[in-house]
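Source file: coords21.tsv; contents: TSV, C-alpha atoms (C1' of nucleotides) and all ligand atoms.
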chain	number	residue	atom	x	y	z
A	1	MET	CA	26.34	18.64	13.26
A	2	PRO	CA	27.20	17.07	9.91
A	3	PHE	CA	26.09	13.54	9.32
A	4	GLN	CA	28.61	10.86	10.12
A	5	LEU	CA	28.30	7.22	9.30
A	6	THR	CA	28.96	5.54	12.61
A	7	ASP	CA	31.28	2.57	12.83
A	8	GLU	CA	28.31	0.48	13.90
A	9	SER	CA	26.22	1.29	10.82
A	10	LEU	CA	29.20	0.63	8.59
A	11	SER	CA	30.04	-2.68	10.15
A	12	PHE	CA	26.36	-3.63	10.13
A	13	PHE	CA	26.34	-2.87	6.41
A	14	ILE	CA	29.53	-4.81	5.68
A	15	GLU	CA	28.34	-7.69	7.83
A	16	LYS	CA	25.04	-7.88	5.99
A	17	CYS	CA	26.68	-7.69	2.57
A	18	LYS	CA	29.15	-10.43	3.44
A	19	ARG	CA	26.47	-12.68	4.85
A	20	ASN	CA	24.63	-12.30	1.52
A	21	LYS	CA	27.76	-12.65	-0.61
A	22	LEU	CA	27.55	-9.12	-1.96
A	23	LYS	CA	30.71	-7.32	-2.93
A	24	ILE	CA	31.52	-4.17	-1.02
A	25	THR	CA	31.78	-1.63	-3.85
A	26	PRO	CA	32.26	2.13	-3.51
A	27	GLN	CA	28.88	2.62	-5.20
A	28	ARG	CA	27.12	0.45	-2.66
A	29	ILE	CA	28.77	2.17	0.27
A	30	VAL	CA	27.83	5.61	-0.96
A	31	ILE	CA	24.26	4.63	-1.81
A	32	TYR	CA	23.81	3.14	1.63
A	33	LYS	CA	25.34	6.14	3.39
A	34	GLU	CA	23.25	8.55	1.39
A	35	LEU	CA	19.97	6.77	2.03
A	36	LEU	CA	20.88	6.37	5.68
A	37	LYS	CA	21.01	10.10	6.17
A	38	SER	CA	17.76	10.72	4.28
A	39	THR	CA	14.65	11.23	6.34
A	40	ASP	CA	12.37	11.93	3.39
A	41	HIS	CA	11.85	8.41	2.01
A	42	PRO	CA	13.37	9.33	-1.36
A	43	HIS	CA	12.90	7.51	-4.65
A	44	ALA	CA	15.79	6.28	-6.76
A	45	GLU	CA	16.04	9.32	-9.00
A	46	ALA	CA	16.18	11.75	-6.10
A	47	LEU	CA	18.87	9.68	-4.44
A	48	HIS	CA	20.75	9.39	-7.71
A	49	LYS	CA	20.86	13.18	-7.97
A	50	ARG	CA	22.34	13.46	-4.47
A	51	ILE	CA	24.84	10.70	-5.02
A	52	LYS	CA	26.15	12.14	-8.28
A	53	LYS	CA	27.71	14.92	-6.23
A	54	ILE	CA	29.91	12.27	-4.65
A	55	ILE	CA	30.37	9.83	-7.54
A	56	PRO	CA	29.59	11.94	-10.63
A	57	GLY	CA	29.65	9.05	-13.06
A	58	ILE	CA	27.30	6.73	-11.18
A	59	SER	CA	24.44	5.45	-13.29
A	60	LEU	CA	20.76	5.58	-12.41
A	61	ASP	CA	20.58	1.89	-13.15
A	62	THR	CA	23.09	1.15	-10.44
A	63	VAL	CA	21.12	3.14	-7.90
A	64	ASN	CA	17.91	1.34	-8.83
A	65	ARG	CA	19.51	-2.08	-8.87
A	66	THR	CA	21.34	-1.49	-5.63
A	67	LEU	CA	18.27	-0.27	-3.77
A	68	LEU	CA	16.39	-3.38	-4.87
A	69	THR	CA	19.28	-5.51	-3.65
A	70	PHE	CA	19.36	-3.70	-0.33
A	71	ALA	CA	15.62	-4.21	0.09
A	72	LYS	CA	16.04	-7.89	-0.68
A	73	ILE	CA	18.63	-8.40	2.05
A	74	GLY	CA	16.56	-6.28	4.41
A	75	ILE	CA	18.83	-3.32	5.08
A	76	VAL	CA	16.32	-0.88	3.61
A	77	LYS	CA	12.54	-0.96	3.29
A	78	ASN	CA	10.01	0.04	0.66
A	79	VAL	CA	7.44	2.57	1.69
A	80	GLU	CA	3.74	2.15	1.04
A	81	GLY	CA	2.16	4.87	-1.06
A	82	TYR	CA	0.10	5.61	-4.13
A	83	GLY	CA	2.53	5.12	-7.00
A	84	GLU	CA	1.85	3.70	-10.42
A	85	PRO	CA	0.12	1.64	-11.52
A	86	ARG	CA	-2.61	3.16	-9.37
A	87	ARG	CA	-5.11	0.63	-8.11
A	88	TYR	CA	-8.72	1.59	-7.61
A	89	ASP	CA	-11.33	0.61	-5.09
A	90	PRO	CA	-15.08	0.88	-5.58
A	91	LYS	CA	-15.68	0.36	-1.86
A	92	ILE	CA	-15.82	3.81	-0.31
A	93	GLU	CA	-17.06	2.77	3.11
A	94	LYS	CA	-14.38	2.68	5.78
A	95	HIS	CA	-12.41	-0.56	5.54
A	96	HIS	CA	-8.90	-1.93	5.65
A	97	HIS	CA	-6.62	-4.09	3.54
A	98	PHE	CA	-4.60	-7.20	3.73
A	99	ARG	CA	-1.89	-7.38	1.08
A	100	CYS	CA	-0.03	-10.47	-0.07
A	101	ILE	CA	3.69	-9.75	-0.40
A	102	GLU	CA	3.99	-12.55	-2.96
A	103	CYS	CA	1.18	-12.10	-5.48
A	104	ASN	CA	0.29	-8.53	-4.49
A	105	ALA	CA	-3.39	-9.39	-3.99
A	106	ILE	CA	-5.22	-6.81	-1.93
A	107	ILE	CA	-8.10	-8.11	0.13
A	108	ASP	CA	-10.72	-6.05	1.96
A	109	PHE	CA	-11.75	-6.53	5.51
A	110	GLU	CA	-13.82	-4.62	7.96
A	111	TYR	CA	-12.88	-4.23	11.58
A	112	LYS	CA	-14.49	-1.50	13.61
A	113	PRO	CA	-11.73	-1.15	16.22
A	114	TYR	CA	-9.35	0.01	13.49
A	115	ASP	CA	-11.64	2.72	12.18
A	116	ASP	CA	-11.10	5.20	14.98
A	117	ILE	CA	-7.74	4.00	16.15
A	118	ILE	CA	-6.22	6.45	18.59
A	119	VAL	CA	-3.68	8.89	17.13
A	120	PRO	CA	-0.57	9.79	19.15
A	121	GLY	CA	-0.86	13.26	20.68
A	122	ASP	CA	2.16	14.83	19.00
A	123	ILE	CA	0.97	13.69	15.56
A	124	GLN	CA	-2.56	14.85	16.31
A	125	ASN	CA	-1.20	18.27	17.27
A	126	ARG	CA	1.17	18.78	14.36
A	127	TYR	CA	-0.89	17.40	11.48
A	128	PHE	CA	-4.49	17.47	10.36
A	129	ILE	CA	-5.50	13.82	10.23
A	130	LEU	CA	-8.19	12.77	7.74
A	131	ASN	CA	-7.74	9.00	7.41
A	132	ARG	CA	-6.49	6.17	9.57
A	133	LYS	CA	-5.69	2.95	7.78
A	134	VAL	CA	-4.34	-0.33	8.94
A	135	LEU	CA	-2.40	-2.32	6.41
A	136	LEU	CA	-1.73	-5.97	7.19
A	137	GLU	CA	0.86	-7.76	5.08
A	138	GLY	CA	1.92	-11.34	4.66
A	139	TYR	CA	1.07	-14.37	2.56
A	140	CYS	CA	-2.43	-14.99	1.21
A	141	ASP	CA	-3.91	-18.47	1.47
A	142	LYS	CA	-2.82	-19.36	-2.06
A	143	CYS	CA	0.78	-18.16	-1.72
A	144	GLY	CA	1.06	-19.44	1.82
A	145	LYS	CA	0.37	-23.00	0.70
A	146	LYS	CA	3.09	-23.01	-1.93
A	147	ARG	CA	5.78	-22.65	0.73
B	1	MET	CA	-25.73	-14.96	-9.36
B	2	PRO	CA	-24.56	-12.55	-12.04
B	3	PHE	CA	-23.69	-9.05	-10.98
B	4	GLN	CA	-26.45	-6.51	-11.33
B	5	LEU	CA	-26.05	-2.80	-10.90
B	6	THR	CA	-28.76	-1.93	-8.43
B	7	ASP	CA	-30.98	1.05	-8.99
B	8	GLU	CA	-29.53	2.58	-5.85
B	9	SER	CA	-25.92	2.41	-7.09
B	10	LEU	CA	-26.96	3.83	-10.44
B	11	SER	CA	-28.92	6.71	-8.96
B	12	PHE	CA	-26.08	7.36	-6.51
B	13	PHE	CA	-23.73	7.55	-9.47
B	14	ILE	CA	-25.98	9.84	-11.50
B	15	GLU	CA	-26.63	11.99	-8.46
B	16	LYS	CA	-22.91	12.41	-7.80
B	17	CYS	CA	-22.13	13.19	-11.44
B	18	LYS	CA	-24.85	15.79	-11.64
B	19	ARG	CA	-23.80	17.43	-8.40
B	20	ASN	CA	-20.30	17.73	-9.88
B	21	LYS	CA	-21.51	18.84	-13.33
B	22	LEU	CA	-20.18	15.74	-15.04
B	23	LYS	CA	-21.94	14.48	-18.13
B	24	ILE	CA	-23.43	11.01	-17.91
B	25	THR	CA	-21.69	9.30	-20.82
B	26	PRO	CA	-21.91	5.60	-21.77
B	27	GLN	CA	-18.18	5.32	-21.10
B	28	ARG	CA	-18.52	6.67	-17.58
B	29	ILE	CA	-21.44	4.40	-16.79
B	30	VAL	CA	-19.61	1.31	-17.99
B	31	ILE	CA	-16.38	2.20	-16.21
B	32	TYR	CA	-18.26	2.75	-12.99
B	33	LYS	CA	-20.26	-0.47	-13.32
B	34	GLU	CA	-17.18	-2.48	-14.15
B	35	LEU	CA	-15.17	-1.16	-11.23
B	36	LEU	CA	-18.14	-1.62	-8.94
B	37	LYS	CA	-18.20	-5.33	-9.55
B	38	SER	CA	-14.43	-5.71	-9.13
B	39	THR	CA	-13.20	-6.95	-5.81
B	40	ASP	CA	-9.54	-7.10	-6.82
B	41	HIS	CA	-8.64	-3.39	-6.69
B	42	PRO	CA	-7.69	-3.31	-10.37
B	43	HIS	CA	-5.46	-0.80	-12.11
B	44	ALA	CA	-6.55	1.17	-15.17
B	45	GLU	CA	-5.10	-1.20	-17.76
B	46	ALA	CA	-6.78	-4.26	-16.27
B	47	LEU	CA	-10.09	-2.44	-16.15
B	48	HIS	CA	-9.59	-1.19	-19.69
B	49	LYS	CA	-9.18	-4.77	-20.88
B	50	ARG	CA	-12.45	-5.81	-19.23
B	51	ILE	CA	-14.35	-2.78	-20.49
B	52	LYS	CA	-13.24	-3.25	-24.11
B	53	LYS	CA	-15.46	-6.32	-24.20
B	54	ILE	CA	-18.41	-3.98	-23.70
B	55	ILE	CA	-17.22	-0.88	-25.55
B	56	PRO	CA	-14.52	-2.18	-27.90
B	57	GLY	CA	-13.36	1.24	-29.06
B	58	ILE	CA	-12.87	2.83	-25.64
B	59	SER	CA	-9.44	4.34	-25.15
B	60	LEU	CA	-7.10	3.69	-22.28
B	61	ASP	CA	-6.82	7.41	-21.80
B	62	THR	CA	-10.53	7.65	-21.13
B	63	VAL	CA	-10.34	4.94	-18.51
B	64	ASN	CA	-7.42	6.63	-16.80
B	65	ARG	CA	-8.97	10.07	-16.98
B	66	THR	CA	-12.34	8.84	-15.80
B	67	LEU	CA	-10.94	6.96	-12.83
B	68	LEU	CA	-9.07	10.08	-11.76
B	69	THR	CA	-12.29	12.06	-12.09
B	70	PHE	CA	-14.20	9.49	-10.06
B	71	ALA	CA	-11.57	9.59	-7.35
B	72	LYS	CA	-11.77	13.37	-7.29
B	73	ILE	CA	-15.52	13.38	-6.69
B	74	GLY	CA	-15.13	10.60	-4.17
B	75	ILE	CA	-17.05	7.74	-5.76
B	76	VAL	CA	-13.95	5.54	-5.94
B	77	LYS	CA	-10.77	5.40	-3.87
B	78	ASN	CA	-7.09	4.88	-4.54
B	79	VAL	CA	-5.45	1.96	-2.83
B	80	GLU	CA	-2.16	2.24	-0.97
B	81	GLY	CA	0.59	-0.02	-2.26
B	82	TYR	CA	4.14	-0.15	-3.52
B	83	GLY	CA	3.91	1.25	-7.04
B	84	GLU	CA	6.42	3.41	-8.86
B	85	PRO	CA	8.27	5.51	-8.17
B	86	ARG	CA	9.26	3.29	-5.28
B	87	ARG	CA	10.26	5.18	-2.18
B	88	TYR	CA	12.90	3.81	0.15
B	89	ASP	CA	13.33	3.92	3.88
B	90	PRO	CA	16.61	3.43	5.72
B	91	LYS	CA	14.79	2.98	9.02
B	92	ILE	CA	14.23	-0.74	9.44
B	93	GLU	CA	13.06	-0.65	13.02
B	94	LYS	CA	9.31	-0.97	13.45
B	95	HIS	CA	7.65	2.38	12.87
B	96	HIS	CA	4.67	3.98	11.16
B	97	HIS	CA	4.00	6.78	8.71
B	98	PHE	CA	2.02	9.90	8.36
B	99	ARG	CA	1.47	10.93	4.74
B	100	CYS	CA	0.44	14.37	3.49
B	101	ILE	CA	-2.24	14.05	0.82
B	102	GLU	CA	-1.18	17.40	-0.63
B	103	CYS	CA	2.63	17.33	-0.93
B	104	ASN	CA	3.04	13.57	-0.51
B	105	ALA	CA	5.56	13.97	2.30
B	106	ILE	CA	5.99	10.83	4.37
B	107	ILE	CA	6.90	11.34	7.99
B	108	ASP	CA	8.03	8.71	10.46
B	109	PHE	CA	6.65	8.24	13.89
B	110	GLU	CA	6.95	5.61	16.54
B	111	TYR	CA	4.04	4.45	18.61
B	112	LYS	CA	4.32	1.20	20.47
B	113	PRO	CA	0.58	0.45	20.69
B	114	TYR	CA	0.44	0.18	16.89
B	115	ASP	CA	3.28	-2.32	16.64
B	116	ASP	CA	1.36	-5.36	17.82
B	117	ILE	CA	-2.12	-4.20	16.97
B	118	ILE	CA	-4.60	-7.01	17.32
B	119	VAL	CA	-5.50	-8.80	14.08
B	120	PRO	CA	-9.11	-9.90	13.52
B	121	GLY	CA	-9.51	-13.65	14.01
B	122	ASP	CA	-10.75	-14.53	10.54
B	123	ILE	CA	-7.82	-12.69	8.93
B	124	GLN	CA	-5.38	-14.28	11.35
B	125	ASN	CA	-6.75	-17.70	10.43
B	126	ARG	CA	-6.83	-17.30	6.68
B	127	TYR	CA	-3.57	-15.45	6.08
B	128	PHE	CA	-0.04	-15.54	7.38
B	129	ILE	CA	0.55	-12.06	8.77
B	130	LEU	CA	4.08	-10.67	8.77
B	131	ASN	CA	3.61	-6.91	9.15
B	132	ARG	CA	1.08	-4.59	10.69
B	133	LYS	CA	1.26	-0.97	9.65
B	134	VAL	CA	-0.78	2.03	10.49
B	135	LEU	CA	-0.94	4.74	7.88
B	136	LEU	CA	-2.24	8.13	8.94
B	137	GLU	CA	-3.15	10.57	6.21
B	138	GLY	CA	-4.05	14.22	6.12
B	139	TYR	CA	-2.34	17.59	5.77
B	140	CYS	CA	1.18	18.22	7.01
B	141	ASP	CA	1.93	21.41	8.95
B	142	LYS	CA	3.13	23.21	5.80
B	143	CYS	CA	0.18	22.27	3.61
B	144	GLY	CA	-2.32	22.66	6.43
B	145	LYS	CA	-1.37	26.32	6.87
B	146	LYS	CA	-1.98	27.20	3.23
B	147	ARG	CA	-5.68	26.42	3.56
C	1	DC	C1'	-37.51	18.24	-31.79
C	2	DT	C1'	-33.51	20.91	-33.31
C	3	DA	C1'	-29.48	23.63	-32.75
C	4	DC	C1'	-25.82	25.16	-29.91
C	5	DT	C1'	-21.96	24.82	-26.92
C	6	DA	C1'	-19.16	23.17	-23.44
C	7	DT	C1'	-17.52	18.83	-22.20
C	8	DA	C1'	-15.76	14.41	-23.26
C	9	DT	C1'	-13.63	11.10	-26.32
C	10	DA	C1'	-10.20	8.51	-29.45
C	11	DG	C1'	-5.86	8.04	-31.04
C	12	DG	C1'	-1.40	9.08	-31.10
C	13	DA	C1'	2.73	11.51	-29.28
C	14	DG	C1'	5.36	12.50	-25.19
C	15	DT	C1'	7.03	11.54	-20.48
C	16	DT	C1'	8.75	9.19	-16.34
C	17	DA	C1'	10.78	5.74	-13.82
C	18	DA	C1'	12.14	1.31	-14.16
C	19	DT	C1'	14.28	-2.67	-16.47
C	20	DC	C1'	17.07	-5.05	-19.88
C	21	DT	C1'	21.29	-5.74	-22.74
C	22	DT	C1'	26.01	-5.80	-23.42
C	23	DA	C1'	30.71	-4.78	-23.03
C	24	DA	C1'	34.04	-3.10	-19.78
C	25	DT	C1'	35.58	-3.02	-14.92
C	26	DT	C1'	36.56	-4.56	-10.34
C	27	DG	C1'	36.25	-7.08	-5.69
C	28	DT	C1'	37.35	-11.39	-3.79
C	29	DC	C1'	39.88	-15.23	-2.87
C	30	DA	C1'	42.95	-18.89	-4.21
D	1	DT	C1'	49.22	-11.73	-8.28
D	2	DG	C1'	45.89	-13.71	-11.27
D	3	DA	C1'	41.43	-15.62	-12.54
D	4	DC	C1'	36.79	-15.14	-12.55
D	5	DA	C1'	32.33	-14.16	-11.07
D	6	DA	C1'	29.94	-10.17	-9.78
D	7	DT	C1'	29.13	-5.45	-10.71
D	8	DT	C1'	29.03	-1.41	-13.36
D	9	DA	C1'	27.93	2.36	-17.10
D	10	DA	C1'	25.54	3.60	-20.98
D	11	DG	C1'	22.11	3.29	-23.88
D	12	DA	C1'	17.87	0.81	-25.63
D	13	DT	C1'	13.46	-0.81	-24.31
D	14	DT	C1'	9.23	-1.04	-21.68
D	15	DA	C1'	5.05	0.07	-18.85
D	16	DA	C1'	1.84	3.11	-17.46
D	17	DC	C1'	0.42	7.37	-17.35
D	18	DT	C1'	-0.28	12.18	-19.31
D	19	DC	C1'	-0.70	15.58	-22.95
D	20	DC	C1'	-2.45	17.17	-27.46
D	21	DT	C1'	-5.86	17.94	-30.83
D	22	DA	C1'	-9.49	17.00	-33.95
D	23	DT	C1'	-13.98	14.90	-33.66
D	24	DA	C1'	-18.20	13.56	-31.27
D	25	DT	C1'	-21.86	14.11	-28.03
D	26	DA	C1'	-24.67	15.17	-23.57
D	27	DG	C1'	-27.18	18.66	-21.75
D	28	DT	C1'	-30.09	22.48	-22.51
D	29	DA	C1'	-32.36	26.52	-24.49
D	30	DG	C1'	-35.44	27.70	-27.92
E	201	MN	MN	-10.65	-2.17	-0.64
E	202	MN	MN	9.88	5.57	7.53
E	203	ZN	ZN	-0.65	-14.24	-2.62
E	204	ZN	ZN	2.19	18.54	2.83
For this file, write the structure as structure tokens.
Ligand SMILES: [Mn+2]
Ligand SMILES: [Mn+2]
Ligand SMILES: [Zn+2]
Ligand SMILES: [Zn+2]
Amino acid sequence: MPFQLTDESLSFFIEKCKRNKLKITPQRIVIYKELLKSTDHPHAEALHKRIKKIIPGISLDTVNRTLLTFAKIGIVKNVEGYGEPRRYDPKIEKHHHFRCIECNAIIDFEYKPYDDIIVPGDIQNRYFILNRKVLLEGYCDKCGKKR
Amino acid sequence: MPFQLTDESLSFFIEKCKRNKLKITPQRIVIYKELLKSTDHPHAEALHKRIKKIIPGISLDTVNRTLLTFAKIGIVKNVEGYGEPRRYDPKIEKHHHFRCIECNAIIDFEYKPYDDIIVPGDIQNRYFILNRKVLLEGYCDKCGKKR
DNA sequence: CTACTATATAGGAGTTAATCTTAATTGTCA
DNA sequence: TGACAATTAAGATTAACTCCTATATAGTAG
């Protein structure tokens, strides 16, 4: 079946935009709809390519700007990964990270129970798992105080 | 106390380089030493700045290339984060990701036990935790088959 | 110790994805 | 229906990495 933006998703979108005083533009609607039907966690350029089939003249800048806006009001999320600038770690023993969402500090911690955290059966069966990492996010002590 | 590269770390480094047929150059030694004493998970440019105080003429390219090499032979690690290109997720409900280290595919899964995973006490006390994510990494079904 | 060769380096050009700038356009609301 | 603030397109700029190539050097064989 072809994808269909449900009334609920659309009204959720409009609701959220209004609450944040964002104008409902055709560009925003199409960007939201297009991301909503993506299951591959695309980046802006990939999405831009798809969206140009619907609004040929849309600019890459608009897609980038709009996705940032959407993330800010919480209707889309950023995905953790290994993009640039790449950050390096000299600590090769098993450990985990806390990351401050304000200053982007990444702080090591060790916690044995995380190291061999149980993997759901269906994931275990379909994929070949090499690493298990827990990523905790929030405010570091410095940034937490300032608020 | 000032940082001191222990004999063990140095012989570990030399051992690993030799096993991988990498020449022991002054640049490589200094890059390794400098990353080893960093606890902030630096990116290449930051490290380059620090290293220029020791080898003023060293090029950024060498730092980048060398860090990649080190990661390949497993003496340093890449850190997960939110660098560019940023990837977006329309799914805002709590969920977790499997990531293929070969093709970089990111695949959703839901697993309740991960959602409220217990946070170590000292982390809980020092930082204000907002999110807890589990990141599983390995080979996806496609890339696993090819090997 | 010296010479040889494959590997590594410096420096600059090229690339990618994002961000900024500016002028034109368009939702929203009075 | 207008006025105006918000949004957009297009192109310039930037940040960080990657490629290119001539030069330098670590490892090693003699
Ligand atoms: Mn670490
Ligand atoms: Mn997801
Ligand atoms: Zn912080
Ligand atoms: Zn894969």
(Q) as a PyMOL selection string, could you give me every residue of chain D near chain B (at most 10 Å apart, counting all atoms listed in the file)? (A) chain D and resi 16-18+25-27
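Fitting chain A onto chain B across all of their Cα atoms brings the RMSD down to 0.1 Å.
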Q: Write out as a PyMOL selection string every residue belonging to chain A that has an atom at most 7 Å from any atom of chain B, counting only C-alpha atoms.
A: chain A and resi 35-36+40-43+75-92+106+126-141+144
Please save C-alpha atoms of the selected residues as a compact mmCIF listing (two decimals), in the coordinates of the input.
# COMPACT_ATOMS: atom_id res chain seq x y z
CA LEU A 35 19.97 6.77 2.03
CA LEU A 36 20.88 6.37 5.68
CA ASP A 40 12.37 11.93 3.39
CA HIS A 41 11.85 8.41 2.01
CA PRO A 42 13.37 9.33 -1.36
CA HIS A 43 12.90 7.51 -4.65
CA ILE A 75 18.83 -3.32 5.08
CA VAL A 76 16.32 -0.88 3.61
CA LYS A 77 12.54 -0.96 3.29
CA ASN A 78 10.01 0.04 0.66
CA VAL A 79 7.44 2.57 1.69
CA GLU A 80 3.74 2.15 1.04
CA GLY A 81 2.16 4.87 -1.06
CA TYR A 82 0.10 5.61 -4.13
CA GLY A 83 2.53 5.12 -7.00
CA GLU A 84 1.85 3.70 -10.42
CA PRO A 85 0.12 1.64 -11.52
CA ARG A 86 -2.61 3.16 -9.37
CA ARG A 87 -5.11 0.63 -8.11
CA TYR A 88 -8.72 1.59 -7.61
CA ASP A 89 -11.33 0.61 -5.09
CA PRO A 90 -15.08 0.88 -5.58
CA LYS A 91 -15.68 0.36 -1.86
CA ILE A 92 -15.82 3.81 -0.31
CA ILE A 106 -5.22 -6.81 -1.93
CA ARG A 126 1.17 18.78 14.36
CA TYR A 127 -0.89 17.40 11.48
CA PHE A 128 -4.49 17.47 10.36
CA ILE A 129 -5.50 13.82 10.23
CA LEU A 130 -8.19 12.77 7.74
CA ASN A 131 -7.74 9.00 7.41
CA ARG A 132 -6.49 6.17 9.57
CA LYS A 133 -5.69 2.95 7.78
CA VAL A 134 -4.34 -0.33 8.94
CA LEU A 135 -2.40 -2.32 6.41
CA LEU A 136 -1.73 -5.97 7.19
CA GLU A 137 0.86 -7.76 5.08
CA GLY A 138 1.92 -11.34 4.66
CA TYR A 139 1.07 -14.37 2.56
CA CYS A 140 -2.43 -14.99 1.21
CA ASP A 141 -3.91 -18.47 1.47
CA GLY A 144 1.06 -19.44 1.82
Q) What is the distance between atom CA of Asn20 of chain A and atom CA of Ile73 of chain A, in Å to one decimal? A) 7.2 Å
(Q) With 9 Å as the threshold, what does the neighbourhood of (25.7, -1.2, 3.9) contain in terms of residues, counting only C-alpha atoms (C1' of nucleotides)? Coordinates are those of the file; answer as a PyMOL selection string. (A) chain A and resi 9-17+24+28-33+70+75
Q | Point-to-point distance from atom C1' of DT8 of chain D to atom CA of Thr62 of chain A, Å rounded to tenths | A | 7.1 Å
Given 3 Å on each side, where is the centre and what are the edge lengths in Å to one decimal of the axis-aligned box enclosing the listed atoms of segment 14-27 of chain C, as AutoDock Vina command-line options?
--center_x 21.0 --center_y 2.7 --center_z -15.4 --size_x 37.2 --size_y 25.6 --size_z 25.5
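Using only C-alpha atoms (C1' of nucleotides), the nearest neighbour of chain A within the list C:DT9, C:DA23, C:DT2, C:DT28 is C:DT28.
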Q | d(atom CA of Val63 of chain B, atom CA of His48 of chain B) in Å | A |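 Atom CA of His48 of chain B lies at a distance of 6.3 Å from atom CA of Val63 of chain B.
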Q.
What are the residues of chain C lining chain B at 10 Å or less? Count all atoms listed in the file, and put the answer as a list in words.
A.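 The answer, sorted by residue number, is DT7, DA8, DT9, DA10, DG11, DT16, DA17 and DA18 of chain C.
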For the residues in the current selection, export C-alpha atoms (C1' of nucleotides) as a compact mmCIF listing (two decimals), keeping the file's coordinate frame.
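Okay, selection_25.txt is ready:
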# COMPACT_ATOMS: atom_id res chain seq x y z
C1' DT C 7 -17.52 18.83 -22.20
C1' DA C 8 -15.76 14.41 -23.26
C1' DT C 9 -13.63 11.10 -26.32
C1' DA C 10 -10.20 8.51 -29.45
C1' DG C 11 -5.86 8.04 -31.04
C1' DT C 16 8.75 9.19 -16.34
C1' DA C 17 10.78 5.74 -13.82
C1' DA C 18 12.14 1.31 -14.16
Q | Polymer residues at most 10 Å from (-29.3, 23.5, -29.9) by all atoms listed in the file, as a PyMOL selection string | A | (chain C and resi 1-5) or (chain D and resi 27-30)
Q | Which residue of A:Pro26, A:Glu102, A:Lys145, A:Thr6 approaches DT26 of chain C most closely, using all atoms listed in the file | A |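 Closest to DT26 of chain C, using all atoms listed in the file: A:Pro26.
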Pop segment 15-29 of chain B out of the structure in the block and write N, CA and C atoms as an mmCIF file, in the first residue's frame.
data_model
loop_
_atom_site.group_PDB
_atom_site.id
_atom_site.type_symbol
_atom_site.label_atom_id
_atom_site.label_comp_id
_atom_site.auth_asym_id
_atom_site.auth_seq_id
_atom_site.Cartn_x
_atom_site.Cartn_y
_atom_site.Cartn_z
ATOM 1 N N GLU B 15 54.731 -2.379 19.260
ATOM 2 C CA GLU B 15 54.301 -3.757 18.962
ATOM 3 C C GLU B 15 53.200 -3.775 17.897
ATOM 4 N N LYS B 16 52.162 -2.974 18.142
ATOM 5 C CA LYS B 16 51.009 -2.919 17.249
ATOM 6 C C LYS B 16 51.404 -2.401 15.871
ATOM 7 N N CYS B 17 52.250 -1.377 15.835
ATOM 8 C CA CYS B 17 52.699 -0.830 14.556
ATOM 9 C C CYS B 17 53.475 -1.897 13.783
ATOM 10 N N LYS B 18 54.384 -2.529 14.464
ATOM 11 C CA LYS B 18 55.194 -3.543 13.783
ATOM 12 C C LYS B 18 54.327 -4.665 13.243
ATOM 13 N N ARG B 19 53.417 -5.148 14.065
ATOM 14 C CA ARG B 19 52.534 -6.233 13.637
ATOM 15 C C ARG B 19 51.764 -5.846 12.386
ATOM 16 N N ASN B 20 51.486 -4.536 12.232
ATOM 17 C CA ASN B 20 50.718 -4.067 11.083
ATOM 18 C C ASN B 20 51.606 -3.420 10.019
ATOM 19 N N LYS B 21 52.922 -3.644 10.133
ATOM 20 C CA LYS B 21 53.879 -3.128 9.156
ATOM 21 C C LYS B 21 53.762 -1.614 8.964
ATOM 22 N N LEU B 22 53.615 -0.922 10.070
ATOM 23 C CA LEU B 22 53.596 0.542 10.016
ATOM 24 C C LEU B 22 54.931 1.053 10.534
ATOM 25 N N LYS B 23 55.494 2.012 9.826
ATOM 26 C CA LYS B 23 56.753 2.593 10.282
ATOM 27 C C LYS B 23 56.548 3.422 11.544
ATOM 28 N N ILE B 24 57.523 3.347 12.420
ATOM 29 C CA ILE B 24 57.471 4.136 13.654
ATOM 30 C C ILE B 24 58.069 5.501 13.353
ATOM 31 N N THR B 25 57.218 6.467 13.040
ATOM 32 C CA THR B 25 57.724 7.808 12.723
ATOM 33 C C THR B 25 57.532 8.718 13.931
ATOM 34 N N PRO B 26 58.317 9.799 14.012
ATOM 35 C CA PRO B 26 58.141 10.757 15.116
ATOM 36 C C PRO B 26 56.710 11.294 15.150
ATOM 37 N N GLN B 27 56.148 11.559 13.968
ATOM 38 C CA GLN B 27 54.777 12.062 13.922
ATOM 39 C C GLN B 27 53.820 11.081 14.589
ATOM 40 N N ARG B 28 53.947 9.809 14.211
ATOM 41 C CA ARG B 28 53.020 8.821 14.778
ATOM 42 C C ARG B 28 53.173 8.707 16.278
ATOM 43 N N ILE B 29 54.408 8.742 16.751
ATOM 44 C CA ILE B 29 54.623 8.629 18.198
ATOM 45 C C ILE B 29 53.961 9.793 18.924
#
